[in-house]
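Asker: The structure under discussion is supplied below as structure tokens; questions concerning it will follow.
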Amino acid sequence: MLSDFEFICHWYHLQSPQLMSDVLQIELRNVYDRRKSIEQKYGVPLETVDARIPRIPTATKPERFNLGILNGKVIVFSDAHFWPGIRTTAYNGLIWAINNTPDLKCVINNGDSFDGASISRYPRIGWDKTPSLLDELKVNQLMLGEIEDESKKVNKNVKLIWPLGNHDARFETRLAANAPQYENINGFSLKDHFPEWIGCWSVWINDKTIVKHRFKGGIHATHNNTLNSGVSIVTGHLHSLKVTPFDDYNGTRYGVDTGTLA
């Protein structure tokens, strides 16, 4: 087993996936996987000696965002499913909470503020009406824009982070399946329309607290989330507001479901 540092050192010396595989006795596929993982984790390009070999670009959306907060307050909301013309009491409560948190460090939109009803994999129910993609984008820009403005009034350096939810993923999933030739063109990724928000899959507030859209499912999800992750974990997805404490010999940690803003 090589540490990341040892792998990088060997790579700079050999500069070839095939040589890495031959010299270190590692499956070639595993070399490529490890290389991609290290490039994403550290932002270090591991180039080959032959520049003619085409590279598949690594994902632009970081899998994990490390916030590194030891003291301070973070506000997390999820599952807004914004539709035109609807402003919920819970949304007003979020704006109130932002305005009344003077040491606010970060606001996390923990997935599914975009609904994607018109591009759902589920069939239409009767003659029900759903907003267009353009209408959904506009209302998300309006509502998330208000959250941006109110947050920056409290702290101009506040971080705005958006772990992707399964409904958010509909935007790019439909395009990837039906128009893959448009990959990496501006506007074909959801994050292109929300430049103030940092996209990721999970947020590590510190090494004891994680925020991500979903982990385990079912009515006991909050219990199973913290049991299986070994840390306090904040999720959404289930629209079931609750907090479950969990005790073991390492102390007390919590499974949190932020319910729904819709």
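Ordered as shown in the structure tokens, chains take letters A, B, and onward, while each chain numbers its residues from 1 and ligands are numbered from 1 in the order shown.
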Considering only C-alpha atoms, return as a count of residues only whatever protein or nucleic-acid residues lie within 7 Å of Glu136 in chain A, sequence-local ones (same chain, fewer than 3 positions apart) excluded.

Answerer: 9

Asker: Hey, what's within 12 Å of Gln141 in chain A if we count only C-alpha atoms and toss same-chain stuff fewer than 5 positions away? As a ChimeraX atom specification, please?

Answerer: /A:82-84,113-114,134-136,146-149,190-197

Asker: Select, from A:Gly85, A:Gly251, A:Pro102, A:Gly165, the residue with the minimum atom-to-atom distance to Gly116 in chain A, counting only C-alpha atoms.

Answerer: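 So, comparing all the options, the nearest one is A:Gly165.
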
Asker: If we count only C-alpha atoms and set the cut-off at 10 Å, which residues sit around Lys152 in chain A, ignoring sequence neighbours fewer than 6 positions away in its own chain? Please answer as a PyMOL selection string.

Answerer: chain A and resi 98-99+104+146+158-160

Asker: Could you jot down the CA of Val203 in chain A to CA of Asn166 in chain A separation for me, Å, one decimal place?

Answerer: 16.1 Å

Asker: Would you mind listing what lies within 10 Å of Leu24 in chain A as a ChimeraX atom specification, with only C-alpha atoms counted and same-chain residues fewer than 5 positions away left out?

Answerer: /A:1-2,7,10,18-19,31

Asker: Contacts of Thr244 in chain A at 7 Å or less, counting only C-alpha atoms, minus same-chain residues fewer than 5 places along, as a PyMOL selection string?

Answerer: chain A and resi 222-223+254-256

Asker: Considering only C-alpha atoms, can you say which of A:Ala80, A:Leu14, A:Leu261, A:Ala176 comes closest to Val49 in chain A?

Answerer: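 Comparing A:Ala80, A:Leu14, A:Leu261, A:Ala176 against Val49 in chain A, the winner is A:Leu14.
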